[in-house]
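File shown here: work_25.csv, holding CSV, C-alpha atoms and all ligand atoms.
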chain,number,residue,atom,x,y,z
A,136,MET,CA,92.9,-33.1,88.7
A,137,VAL,CA,95.2,-35.9,87.6
A,138,LYS,CA,97.2,-37.2,90.6
A,139,LYS,CA,101.0,-37.1,90.5
A,140,ASP,CA,101.3,-40.9,90.4
A,141,SER,CA,98.9,-41.1,87.4
A,142,LYS,CA,101.0,-38.4,85.7
A,143,VAL,CA,104.1,-40.5,86.1
A,144,GLU,CA,102.3,-43.4,84.6
A,145,LEU,CA,101.0,-41.3,81.7
A,146,LEU,CA,104.5,-40.1,81.0
A,147,GLU,CA,105.7,-43.7,81.0
A,148,GLU,CA,103.1,-44.5,78.4
A,149,ILE,CA,104.3,-41.7,76.1
A,150,LYS,CA,107.8,-43.0,76.5
A,151,THR,CA,106.7,-46.5,75.6
A,152,ASP,CA,104.8,-45.2,72.6
A,153,ILE,CA,107.8,-43.4,71.1
A,154,VAL,CA,109.6,-46.8,71.0
A,155,LYS,CA,106.5,-48.7,69.9
A,156,ASP,CA,105.7,-46.2,67.1
A,157,LYS,CA,109.4,-46.3,65.9
A,158,VAL,CA,109.7,-42.6,65.8
A,159,CYS,CA,112.8,-41.5,63.8
A,160,PRO,CA,114.2,-45.0,63.4
A,161,ASP,CA,117.4,-43.7,61.8
A,162,LEU,CA,118.1,-41.4,64.7
A,163,ALA,CA,117.3,-44.3,67.1
A,164,ALA,CA,119.7,-46.6,65.4
A,165,GLY,CA,122.6,-44.2,65.8
A,166,ALA,CA,121.7,-43.3,69.4
A,167,THR,CA,122.6,-45.1,72.6
A,168,GLN,CA,119.2,-44.6,74.1
A,169,LEU,CA,116.0,-42.5,74.2
A,170,VAL,CA,116.3,-39.3,76.3
A,171,PHE,CA,112.8,-38.8,77.3
A,172,GLY,CA,112.8,-36.2,80.1
A,173,THR,CA,113.4,-35.7,83.8
A,174,GLY,CA,112.1,-33.9,86.8
A,175,SER,CA,108.7,-33.5,88.5
A,176,ALA,CA,105.6,-34.8,86.6
A,177,ASP,CA,103.8,-32.0,88.6
A,178,ALA,CA,106.2,-29.2,87.7
A,179,ASP,CA,105.0,-25.6,87.4
A,180,VAL,CA,107.8,-24.9,84.9
A,181,MET,CA,108.8,-27.1,82.0
A,182,PHE,CA,112.0,-26.5,80.0
A,183,ILE,CA,112.3,-27.7,76.5
A,184,GLY,CA,115.6,-27.9,74.7
A,185,GLU,CA,116.6,-29.1,71.2
A,186,ALA,CA,118.0,-32.6,71.3
A,187,PRO,CA,120.4,-34.7,73.4
A,188,GLY,CA,124.1,-34.3,73.0
A,189,LYS,CA,126.9,-36.8,73.8
A,190,SER,CA,126.6,-36.8,77.6
A,191,GLU,CA,122.8,-36.9,77.4
A,192,ASP,CA,122.9,-39.9,75.0
A,193,GLU,CA,125.3,-41.7,77.3
A,194,GLN,CA,123.3,-41.0,80.5
A,195,GLY,CA,119.8,-41.1,79.1
A,196,LEU,CA,119.0,-37.7,80.8
A,197,PRO,CA,118.6,-34.3,79.2
A,198,PHE,CA,120.9,-31.4,79.9
A,199,VAL,CA,123.6,-33.3,81.9
A,200,GLY,CA,126.6,-32.0,79.9
A,201,ALA,CA,128.2,-28.5,79.9
A,202,ALA,CA,125.0,-26.7,78.9
A,203,GLY,CA,123.2,-28.7,81.6
A,204,LYS,CA,125.6,-27.5,84.3
A,205,PHE,CA,124.9,-24.0,83.3
A,206,LEU,CA,121.1,-24.7,83.3
A,207,ASN,CA,121.5,-26.0,86.9
A,208,GLU,CA,123.2,-22.8,87.9
A,209,LEU,CA,120.4,-20.7,86.2
A,210,LEU,CA,117.8,-22.8,88.1
A,211,ALA,CA,119.7,-22.4,91.4
A,212,GLY,CA,119.8,-18.6,90.8
A,213,VAL,CA,116.0,-18.5,91.1
A,214,GLY,CA,115.8,-21.0,93.9
A,215,LEU,CA,114.9,-24.0,91.8
A,216,LYS,CA,116.4,-27.5,91.6
A,217,ARG,CA,116.1,-29.9,88.7
A,218,GLY,CA,113.6,-32.0,90.7
A,219,ASP,CA,111.3,-29.0,91.0
A,220,VAL,CA,110.9,-28.5,87.3
A,221,TYR,CA,110.6,-30.8,84.2
A,222,ILE,CA,113.3,-30.8,81.6
A,223,THR,CA,113.1,-32.4,78.1
A,224,ASN,CA,113.9,-31.8,74.4
A,225,ILE,CA,111.8,-31.8,71.3
A,226,VAL,CA,113.9,-34.5,69.6
A,227,LYS,CA,114.6,-37.4,72.0
A,228,TYR,CA,117.4,-39.2,70.3
A,229,ARG,CA,120.9,-37.7,69.7
A,230,PRO,CA,121.4,-36.5,66.1
A,231,PRO,CA,124.7,-37.8,64.7
A,232,ASP,CA,127.7,-35.5,65.3
A,233,ASN,CA,125.4,-33.1,67.2
A,234,ARG,CA,123.9,-31.7,64.0
A,235,ASP,CA,120.8,-29.6,64.3
A,236,PRO,CA,117.6,-31.7,64.2
A,237,TYR,CA,115.9,-31.7,60.8
A,238,PRO,CA,112.4,-30.3,60.4
A,239,ASP,CA,110.9,-33.7,59.8
A,240,GLU,CA,112.5,-35.0,63.0
A,241,LYS,CA,111.1,-32.2,65.0
A,242,ALA,CA,107.7,-32.7,63.4
A,243,ALA,CA,107.9,-36.5,64.2
A,244,PHE,CA,108.5,-35.9,67.9
A,245,LEU,CA,106.1,-32.9,68.3
A,246,PRO,CA,103.0,-34.9,69.1
A,247,TYR,CA,104.8,-36.7,71.9
A,248,LEU,CA,106.1,-33.4,73.3
A,249,ARG,CA,102.6,-32.0,73.2
A,250,ARG,CA,101.4,-35.1,75.1
A,251,GLN,CA,104.1,-34.5,77.7
A,252,ILE,CA,103.0,-30.9,78.1
A,253,GLY,CA,99.4,-32.1,78.3
A,254,VAL,CA,100.1,-34.5,81.1
A,255,ILE,CA,102.4,-32.2,83.2
A,256,LYS,CA,100.2,-29.1,82.6
A,257,PRO,CA,102.9,-26.7,83.6
A,258,LYS,CA,102.0,-23.1,84.3
A,259,LEU,CA,104.9,-22.0,82.2
A,260,VAL,CA,106.7,-23.6,79.3
A,261,ALA,CA,110.2,-22.2,78.8
A,262,THR,CA,111.7,-22.9,75.4
A,263,LEU,CA,115.5,-23.1,75.4
A,264,GLY,CA,116.8,-22.0,72.0
A,265,ARG,CA,115.1,-21.3,68.7
A,266,HIS,CA,114.2,-25.0,67.8
A,267,SER,CA,111.7,-25.5,70.6
A,268,MET,CA,110.4,-21.9,70.3
A,269,GLU,CA,109.7,-22.5,66.6
A,270,VAL,CA,107.8,-25.7,67.0
A,271,LEU,CA,105.6,-24.5,69.9
A,272,LEU,CA,105.1,-20.8,69.2
A,273,PRO,CA,103.6,-19.1,66.1
A,274,PRO,CA,105.9,-18.4,63.1
A,275,GLY,CA,107.7,-15.1,62.7
A,276,LEU,CA,109.2,-14.8,66.2
A,277,THR,CA,112.9,-14.0,66.4
A,278,ILE,CA,114.6,-15.2,69.6
A,279,SER,CA,117.0,-12.2,69.8
A,280,VAL,CA,113.9,-10.0,70.0
A,281,CYS,CA,111.4,-12.0,72.0
A,282,HIS,CA,113.6,-13.8,74.6
A,283,GLY,CA,112.6,-13.1,78.2
A,284,GLN,CA,109.1,-12.0,77.2
A,285,PRO,CA,106.3,-14.3,78.3
A,286,LYS,CA,103.7,-15.1,75.6
A,287,ARG,CA,100.2,-16.6,76.0
A,288,TYR,CA,99.4,-18.8,73.1
A,289,ASN,CA,96.4,-21.2,72.9
A,290,GLY,CA,95.9,-21.0,76.6
A,291,GLN,CA,99.5,-21.8,77.6
A,292,VAL,CA,102.1,-19.3,78.8
A,293,TYR,CA,105.5,-19.6,77.2
A,294,LEU,CA,108.8,-18.0,77.9
A,295,PRO,CA,111.2,-18.0,75.0
A,296,LEU,CA,114.8,-18.2,76.3
A,297,PHE,CA,118.2,-18.5,74.6
A,298,HIS,CA,119.8,-21.9,74.7
A,299,PRO,CA,122.2,-22.3,77.7
A,300,ALA,CA,124.8,-23.7,75.3
A,301,ALA,CA,124.9,-20.4,73.4
A,302,ALA,CA,126.1,-18.7,76.6
A,303,LEU,CA,129.0,-21.0,77.2
A,304,TYR,CA,131.2,-19.1,74.7
A,305,ASN,CA,129.5,-15.7,75.1
A,306,GLY,CA,129.7,-13.8,78.4
A,307,GLY,CA,127.0,-11.3,77.3
A,308,MET,CA,124.6,-14.0,76.5
A,309,ARG,CA,125.3,-15.6,79.9
A,310,GLN,CA,124.1,-12.4,81.7
A,311,THR,CA,121.1,-12.2,79.4
A,312,LEU,CA,120.1,-15.7,80.4
A,313,VAL,CA,120.6,-14.9,84.1
A,314,ASP,CA,118.4,-11.8,83.7
A,315,ASP,CA,115.7,-13.7,81.8
A,316,PHE,CA,115.6,-16.5,84.3
A,317,ALA,CA,115.3,-13.9,87.1
A,318,LYS,CA,111.8,-13.1,85.6
A,319,ILE,CA,110.5,-16.6,86.1
A,320,PRO,CA,109.3,-16.3,89.7
A,321,ARG,CA,107.4,-13.0,88.9
A,322,ILE,CA,105.9,-14.6,85.7
A,323,LEU,CA,104.7,-17.6,87.7
A,324,ALA,CA,103.2,-15.4,90.4
A,325,GLN,CA,101.1,-13.6,87.7
A,326,ILE,CA,99.8,-16.7,85.9
B,1,LIG,N1,121.2,-29.4,74.5
B,1,LIG,C1,119.9,-29.6,74.3
B,1,LIG,O1,119.2,-28.9,73.6
B,1,LIG,N2,119.4,-30.6,75.1
B,1,LIG,C2,120.1,-31.3,75.9
B,1,LIG,O2,119.6,-32.2,76.5
B,1,LIG,C3,121.5,-31.0,76.0
B,1,LIG,C4,122.0,-30.1,75.3

Now, as a test, write the supplied structure out as structure tokens.
Amino acid sequence: MVKKDSKVELLEEIKTDIVKDKVCPDLAAGATQLVFGTGSADADVMFIGEAPGKSEDEQGLPFVGAAGKFLNELLAGVGLKRGDVYITNIVKYRPPDNRDPYPDEKAAFLPYLRRQIGVIKPKLVATLGRHSMEVLLPPGLTISVCHGQPKRYNGQVYLPLFHPAAALYNGGMRQTLVDDFAKIPRILAQI
């Protein structure tokens, strides 16, 4: 088993490689900094969002803006703190004007995201929103249908979830996310 310290070092290597490999230079040029990921290198649950927004770009940390505050509440609801889990995005530089990441940008970052998952080896990968679901799970899934249903794919258990930002303006969606998060402890106990 890879020790926690070595996992931290391996994650640092991935971060360095993103810069060295000049992944998405146009995005990098417009961003303040790389937003690599945060939390425990030994986490049982890894959350994967879309791309950094303004606050994330400023602070260099994922999910620290309004959606992040709600994510913190959702985690607290199931007895988890940010430091217990690992949080990252597919795309690691802020897209201009918070536009959706382009397919080629998601594809460019995917190998590095896969390496992050490979180092952390979480029991459960929870995708936040359709972008991370679409890059990690087989095609043809619709988030409105499959949210909250764990799926085993290539030996990894995934839980597709709505993006917390979607719930900020939609009370019904908020409750759906609370209900889907409530399943996490049971899913973990069954893996
Ligand atoms: N939305 C995301 O998908 N990721 C973040 O880090 C913040 C908002």

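Distances from A:Glu208, A:Asp192, A:Asp177, A:Asp140 to Tyr221 (chain A) were compared using only C-alpha atoms, and the smallest one belongs to A:Asp177.
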
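Atom to atom, CA of Lys138 (chain A) and CA of Gly212 (chain A) stand 29.3 Å apart.
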
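Across A:Val220, A:Val143, A:Ile183, A:Ala163, the tightest approach to Glu269 (chain A) is made by A:Ile183 when counting only C-alpha atoms.
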
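Closest approach to ligand LIG 1 (chain B) among A:Arg287, A:Arg321, A:His282, A:His298: A:His298, based on only C-alpha atoms and all ligand atoms.
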
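Each of A:Tyr237, A:Phe297, A:Tyr304, A:Tyr247 was compared to ligand LIG 1 (chain B) using all atoms listed in the file, and A:Phe297 turns out to be the nearest.
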
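Of note, CA of Asn305 (chain A) and atom C1 of ligand LIG 1 (chain B) are spaced 16.9 Å apart.
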
Nearest-residue call for Ala202 (chain A), choices A:Pro320, A:Gly264, A:Pro295, A:Gly174, using all atoms listed in the file: A:Gly264

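A distance cut-off of 12 Å around (113.6, -23.7, 93.6), counting all atoms listed in the file, selects these protein and nucleic acid residues: A:Ala178, A:Asp179, A:Val180, A:Asn207, A:Glu208, A:Leu209, A:Leu210, A:Ala211, A:Gly212, A:Val213, A:Gly214, A:Leu215, A:Lys216, A:Arg217, A:Gly218, A:Asp219, A:Val220, A:Phe316, A:Ala317, A:Ile319, A:Pro320.
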
Pick out the residues no farther than 8 Å from ligand LIG 1 (chain B), counting only C-alpha atoms and all ligand atoms, and list them as JSON, numbers by chain. {"A": [170, 183, 184, 185, 186, 187, 188, 190, 191, 196, 197, 198, 199, 200, 201, 202, 203, 223, 224, 263, 264, 298, 299, 300]}

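Each of A:Val154, A:Ala176, A:Met308, A:Ala164 was checked against Val254 (chain A) using only C-alpha atoms; the smallest atom-to-atom distance is that of A:Ala176.
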
Shell of 10 Å around Leu146 (chain A), all atoms listed in the file, local chain residues under 5 positions omitted, as a JSON list (two decimals) with C-alpha atoms, keeping the file's coordinate frame:
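Once everything was written out, this is out-v3.json:
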[["chain", "number", "residue", "atom", "x", "y", "z"],
["A", 140, "ASP", "CA", 101.30, -40.90, 90.40],
["A", 141, "SER", "CA", 98.90, -41.10, 87.40],
["A", 151, "THR", "CA", 106.70, -46.50, 75.60],
["A", 152, "ASP", "CA", 104.80, -45.20, 72.60],
["A", 171, "PHE", "CA", 112.80, -38.80, 77.30],
["A", 172, "GLY", "CA", 112.80, -36.20, 80.10],
["A", 176, "ALA", "CA", 105.60, -34.80, 86.60],
["A", 247, "TYR", "CA", 104.80, -36.70, 71.90],
["A", 250, "ARG", "CA", 101.40, -35.10, 75.10],
["A", 251, "GLN", "CA", 104.10, -34.50, 77.70],
["A", 252, "ILE", "CA", 103.00, -30.90, 78.10],
["A", 253, "GLY", "CA", 99.40, -32.10, 78.30],
["A", 254, "VAL", "CA", 100.10, -34.50, 81.10],
["A", 255, "ILE", "CA", 102.40, -32.20, 83.20]]

Distance of CA of Val292 (chain A) from CA of Val280 (chain A), expressed in Å to one decimal place: 17.4 Å

For Gln284 (chain A), list every protein, DNA or RNA residue within 10 Å, evaluated using all atoms listed in the file, and leave out those in the same chain fewer than 5 positions away; present the list as a VMD selection string. chain A and resid 278 293 to 296 315 318 322

Output of the above residues as a PDB file, keeping the file's coordinate frame, restricted to C-alpha atoms:
ATOM      1  CA  ILE A 278     114.600 -15.200  69.600  1.00  0.00           C
ATOM      2  CA  TYR A 293     105.500 -19.600  77.200  1.00  0.00           C
ATOM      3  CA  LEU A 294     108.800 -18.000  77.900  1.00  0.00           C
ATOM      4  CA  PRO A 295     111.200 -18.000  75.000  1.00  0.00           C
ATOM      5  CA  LEU A 296     114.800 -18.200  76.300  1.00  0.00           C
ATOM      6  CA  ASP A 315     115.700 -13.700  81.800  1.00  0.00           C
ATOM      7  CA  LYS A 318     111.800 -13.100  85.600  1.00  0.00           C
ATOM      8  CA  ILE A 322     105.900 -14.600  85.700  1.00  0.00           C
TER       9      ILE A 322
END

Put region 147-159 of chain A into a file with all heavy atoms, as a short mmCIF file (atom, residue, chain, number, x, y, z; two decimals), in the first residue's frame.
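Dumped everything to selection21.cif:
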data_model
loop_
_atom_site.label_atom_id
_atom_site.label_comp_id
_atom_site.auth_asym_id
_atom_site.auth_seq_id
_atom_site.Cartn_x
_atom_site.Cartn_y
_atom_site.Cartn_z
N GLU A 147 1.96 15.91 -5.72
CA GLU A 147 2.79 17.08 -6.05
C GLU A 147 3.42 16.91 -7.43
O GLU A 147 3.52 17.86 -8.20
CB GLU A 147 3.90 17.27 -5.01
CG GLU A 147 3.49 18.11 -3.81
CD GLU A 147 2.93 19.49 -4.19
OE1 GLU A 147 3.56 20.22 -4.96
OE2 GLU A 147 1.82 19.82 -3.71
N GLU A 148 3.84 15.66 -7.73
CA GLU A 148 4.45 15.40 -9.05
C GLU A 148 3.45 15.67 -10.18
O GLU A 148 3.80 16.21 -11.22
CB GLU A 148 4.88 13.93 -9.14
CG GLU A 148 6.28 13.68 -8.66
CD GLU A 148 6.63 12.20 -8.70
OE1 GLU A 148 6.15 11.46 -9.58
OE2 GLU A 148 7.38 11.77 -7.80
N ILE A 149 2.19 15.25 -9.95
CA ILE A 149 1.17 15.46 -10.99
C ILE A 149 0.97 16.96 -11.21
O ILE A 149 0.88 17.44 -12.34
CB ILE A 149 -0.17 14.78 -10.59
CG1 ILE A 149 0.03 13.29 -10.37
CG2 ILE A 149 -1.24 15.04 -11.65
CD1 ILE A 149 -1.18 12.59 -9.71
N LYS A 150 0.93 17.69 -10.10
CA LYS A 150 0.75 19.14 -10.17
C LYS A 150 1.90 19.79 -10.97
O LYS A 150 1.68 20.62 -11.86
CB LYS A 150 0.71 19.69 -8.74
CG LYS A 150 0.37 21.12 -8.61
CD LYS A 150 0.23 21.45 -7.12
CE LYS A 150 0.10 22.93 -6.91
NZ LYS A 150 0.01 23.27 -5.50
N THR A 151 3.11 19.35 -10.65
CA THR A 151 4.28 19.88 -11.36
C THR A 151 4.21 19.54 -12.84
O THR A 151 4.54 20.36 -13.70
CB THR A 151 5.57 19.29 -10.75
OG1 THR A 151 5.52 19.49 -9.35
CG2 THR A 151 6.82 19.92 -11.31
N ASP A 152 3.75 18.32 -13.13
CA ASP A 152 3.68 17.89 -14.54
C ASP A 152 2.69 18.73 -15.34
O ASP A 152 2.92 19.01 -16.52
CB ASP A 152 3.28 16.40 -14.63
CG ASP A 152 4.44 15.48 -14.28
OD1 ASP A 152 5.58 15.99 -14.17
OD2 ASP A 152 4.22 14.27 -14.11
N ILE A 153 1.58 19.12 -14.71
CA ILE A 153 0.59 19.94 -15.44
C ILE A 153 1.25 21.24 -15.92
O ILE A 153 1.04 21.69 -17.04
CB ILE A 153 -0.64 20.24 -14.54
CG1 ILE A 153 -1.43 18.96 -14.30
CG2 ILE A 153 -1.53 21.32 -15.17
CD1 ILE A 153 -2.59 19.11 -13.31
N VAL A 154 2.08 21.82 -15.05
CA VAL A 154 2.76 23.07 -15.41
C VAL A 154 3.84 22.79 -16.44
O VAL A 154 3.92 23.45 -17.49
CB VAL A 154 3.36 23.73 -14.14
CG1 VAL A 154 4.14 24.99 -14.50
CG2 VAL A 154 2.25 24.05 -13.14
N LYS A 155 4.64 21.73 -16.18
CA LYS A 155 5.76 21.40 -17.07
C LYS A 155 5.26 21.04 -18.47
O LYS A 155 5.85 21.42 -19.47
CB LYS A 155 6.52 20.21 -16.45
CG LYS A 155 7.98 20.17 -16.80
CD LYS A 155 8.68 19.04 -16.07
CE LYS A 155 8.04 17.72 -16.47
NZ LYS A 155 8.34 16.57 -15.70
N ASP A 156 4.13 20.32 -18.52
CA ASP A 156 3.58 19.87 -19.81
C ASP A 156 2.79 20.97 -20.52
O ASP A 156 2.25 20.74 -21.60
CB ASP A 156 2.67 18.64 -19.61
CG ASP A 156 3.42 17.45 -19.03
OD1 ASP A 156 4.67 17.47 -19.06
OD2 ASP A 156 2.76 16.50 -18.55
N LYS A 157 2.69 22.12 -19.87
CA LYS A 157 1.96 23.26 -20.47
C LYS A 157 0.56 22.86 -20.94
O LYS A 157 0.17 23.09 -22.09
CB LYS A 157 2.76 23.88 -21.61
CG LYS A 157 4.10 24.45 -21.18
CD LYS A 157 4.70 25.27 -22.30
CE LYS A 157 5.92 26.07 -21.93
NZ LYS A 157 6.84 25.53 -20.96
N VAL A 158 -0.20 22.26 -20.03
CA VAL A 158 -1.57 21.85 -20.36
C VAL A 158 -2.43 23.11 -20.52
O VAL A 158 -2.40 23.99 -19.66
CB VAL A 158 -2.14 20.95 -19.24
CG1 VAL A 158 -3.55 20.51 -19.58
CG2 VAL A 158 -1.25 19.75 -18.99
N CYS A 159 -3.17 23.18 -21.60
CA CYS A 159 -4.08 24.31 -21.88
C CYS A 159 -3.41 25.67 -21.62
O CYS A 159 -3.84 26.43 -20.74
CB CYS A 159 -5.36 24.20 -21.05
SG CYS A 159 -6.37 22.78 -21.49
#
